[in-house]
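Chemist: Got a structure here, written out as structure tokens. Questions coming.
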Amino acid sequence: MILNQTQIDSISDYVLNEGVTDDLLKEDLIDHLSCKTEEIINSKGLDFETAFEMAKLKCSPNGPQEFERDLKLLTTFKPNTIMRKIAFIGGYASALCFMLAVLFFALSSLQLKKNELRLRSVQMEYGLKQDSQGSPGLRGSLEYQDFERQYHDANATSLSQYIMAERLLIACCILFITTILPYQFYSKYRKGDLELAQV
Amino acid sequence: MILKLLSEKERMYGYEMVQRVKEMSHEKILIKEGSLYPTLHALTKEGYLTTESALVNNRTRKYYSLTNKGKGLAAPAVDELVDFQQTLKLIFGSKPALS
């Protein structure tokens with residue numbers, strides 16, 4: 001037995017009333033439910049209404065809208081994968097920047113501390129020399145001037161390391177904000193969207 | 001499975017695919033409609049399948065067939081599955097020795 005136009009119209013109304021909006025999917029579902037209904041009528045000799053109810057239960061127990069939801073999930077899978085890749089690379093770069101920032105900050109602090117200690121020890125050494133030998137002013141000696149130059153160079157290095165650490169920390173924050181956070185928001189939004197759709 | 005079916009037959013519609021798989025697997029594999037149509041549409045959107053509509057028994061029937069891109073994907077995908085099946089056979093093929 002083949003379904004007549006009125007019976008196909010009632011299947012079509014069911015699919016439309018269930019909220020399927022994708023036109024191509026609608027055509028597929030109407031044809032599929034029609035085929036299944038015909039098969040039940042032909043094999044079990046049931047009337048159209050009963051056979052259609054059975055076809056609905058067999059083909060789409062959770063309603064035809066489930067098909068559309070799964071379709072959306074499948075077709076939005078690719079951008080999601082791209083976002084995941086970006087988030088992964090961004091996260092890795094962000095972590096790398098953070099570690100380098102810590103390293104430069106530590107180097108800068110150590111350099112500064114080393115300079116201070118060196119300054120103190122040199123001042124003490126020259127102070128002692130001055131006391132025992134009655135040598136001219138501390139700042140007048142060539143050795144001390146050489147030390148002072150080295151001290152300023154080391155301070156400049158420490159400062160540049162500190163600036164580098166600062167820049168890396170900024171880069172780390174920017175990478176985190178632009179890659180990981182949007183992915184986190186997107187994932188939570190998608191999850192919420194799907195949960196809402198399942199209600 | 002869809003790619004394999006369509007590589008054997010020029011064009012098929014959804015219900016026909018479900019029935020064919022059921023028949024080929026002696027009713028051991030039943031493709032759920034909820035998985036079939038979203039997959040068919042996703043493959044169409046990605047350019048692996050193409051559709052053709054025809055008016056059959058007072059309703060529109062959509063036939064799916066492989067595009068050239070889809071044909072290129074079908075053979076390696078089937079080979080990969082066959083290879084996997086053979087690997088599984090190596091592991092589970094022989095009966096366990098009875099102690």
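Here, A, B, ... name the chains of the structure tokens in the order displayed, residue numbers run from 1 inside each chain, and ligands are numbered from 1 in the same displayed order.
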Need the shell around stretch 8-15 of chain A: protein/DNA/RNA residues with any atom at most 7 Å away, counting only C-alpha atoms. Skip same-chain ones fewer than 4 positions apart. Format as a list in words?

Modeler: Leu3, Asn4, Gly19, Val20, Lys26, Ile30, Ser34 and Pro64 of chain A

Chemist: Please identify which residues in stretch 22-64 of chain B DSSP calls helix (DSSP H, G or I) from the backbone, and express them as a PDB file with C-alpha atoms, in the first residue's frame.

Modeler:
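Saved file part39.pdb follows:
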```pdb
ATOM      1  CA  LYS B  22      19.884  -4.080   8.199  1.00  0.00           C
ATOM      2  CA  GLU B  23      19.742  -6.633   5.403  1.00  0.00           C
ATOM      3  CA  MET B  24      23.517  -6.869   4.871  1.00  0.00           C
ATOM      4  CA  GLU B  33      17.661   7.727  11.951  1.00  0.00           C
ATOM      5  CA  GLY B  34      18.859  10.250  14.526  1.00  0.00           C
ATOM      6  CA  SER B  35      22.442   9.497  13.487  1.00  0.00           C
ATOM      7  CA  LEU B  36      21.885   8.914   9.788  1.00  0.00           C
ATOM      8  CA  TYR B  37      20.328  12.184   8.649  1.00  0.00           C
ATOM      9  CA  PRO B  38      22.576  14.564  10.593  1.00  0.00           C
ATOM     10  CA  THR B  39      25.580  12.641   9.189  1.00  0.00           C
ATOM     11  CA  LEU B  40      24.211  12.734   5.631  1.00  0.00           C
ATOM     12  CA  HIS B  41      23.583  16.467   5.862  1.00  0.00           C
ATOM     13  CA  ALA B  42      26.970  17.168   7.419  1.00  0.00           C
ATOM     14  CA  LEU B  43      28.699  15.158   4.651  1.00  0.00           C
ATOM     15  CA  THR B  44      26.673  17.062   2.055  1.00  0.00           C
ATOM     16  CA  LYS B  45      27.648  20.406   3.574  1.00  0.00           C
TER      17      LYS B  45
END
```

Chemist: Write out as a PyMOL selection string every residue belonging to chain A that has an atom at most 12 Å from any atom of chain B, counting only C-alpha atoms.

Modeler: chain A and resi 1-9+11-12+22-39+55-78

Chemist: In terms of the shortest atom-to-atom distance over only C-alpha atoms, which of A:Leu103, A:Ala154, A:Ala87, A:Glu143 is closest to A:Asn115?

Modeler: A:Ala154

Chemist: Work out how far atom CA of A:Leu119 is from atom CA of A:Asp153, in Å to one decimal.

Modeler: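 Between these atoms lies a distance of 13.0 Å.
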
Chemist: By how many Å are atom CA of A:Leu117 and atom CA of A:Ala101 apart?

Modeler: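 Straight-line distance from atom CA of A:Leu117 to atom CA of A:Ala101 works out to 24.3 Å.
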
Chemist: As an exercise, work out the distance from atom CA of B:Asp83 to atom CA of B:Thr50 in Å and give it to one decimal place.

Modeler: 27.9 Å

Chemist: I want to know what sits within 10 Å of stretch 167-182 of chain A, based on only C-alpha atoms, with residues of the same chain fewer than 6 positions away left out; could you give that as an MDAnalysis selection string?

Modeler: chainID A and resid 83:102 104:105 161 188

Chemist: Given only C-alpha atoms as the basis, pick out the residue of B:Glu80, B:Leu90, B:Tyr64, B:Leu30 nearest to B:Leu5.

Modeler: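 Among the listed residues, the smallest separation from B:Leu5 belongs to B:Tyr64.
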
Chemist: Excluding B:Gly70 and residues on its chain fewer than 5 positions from it, collect all residues at most 9 Å away from it, counting only C-alpha atoms, and give them as a PyMOL selection string.

Modeler: chain B and resi 3+43+47-49+65
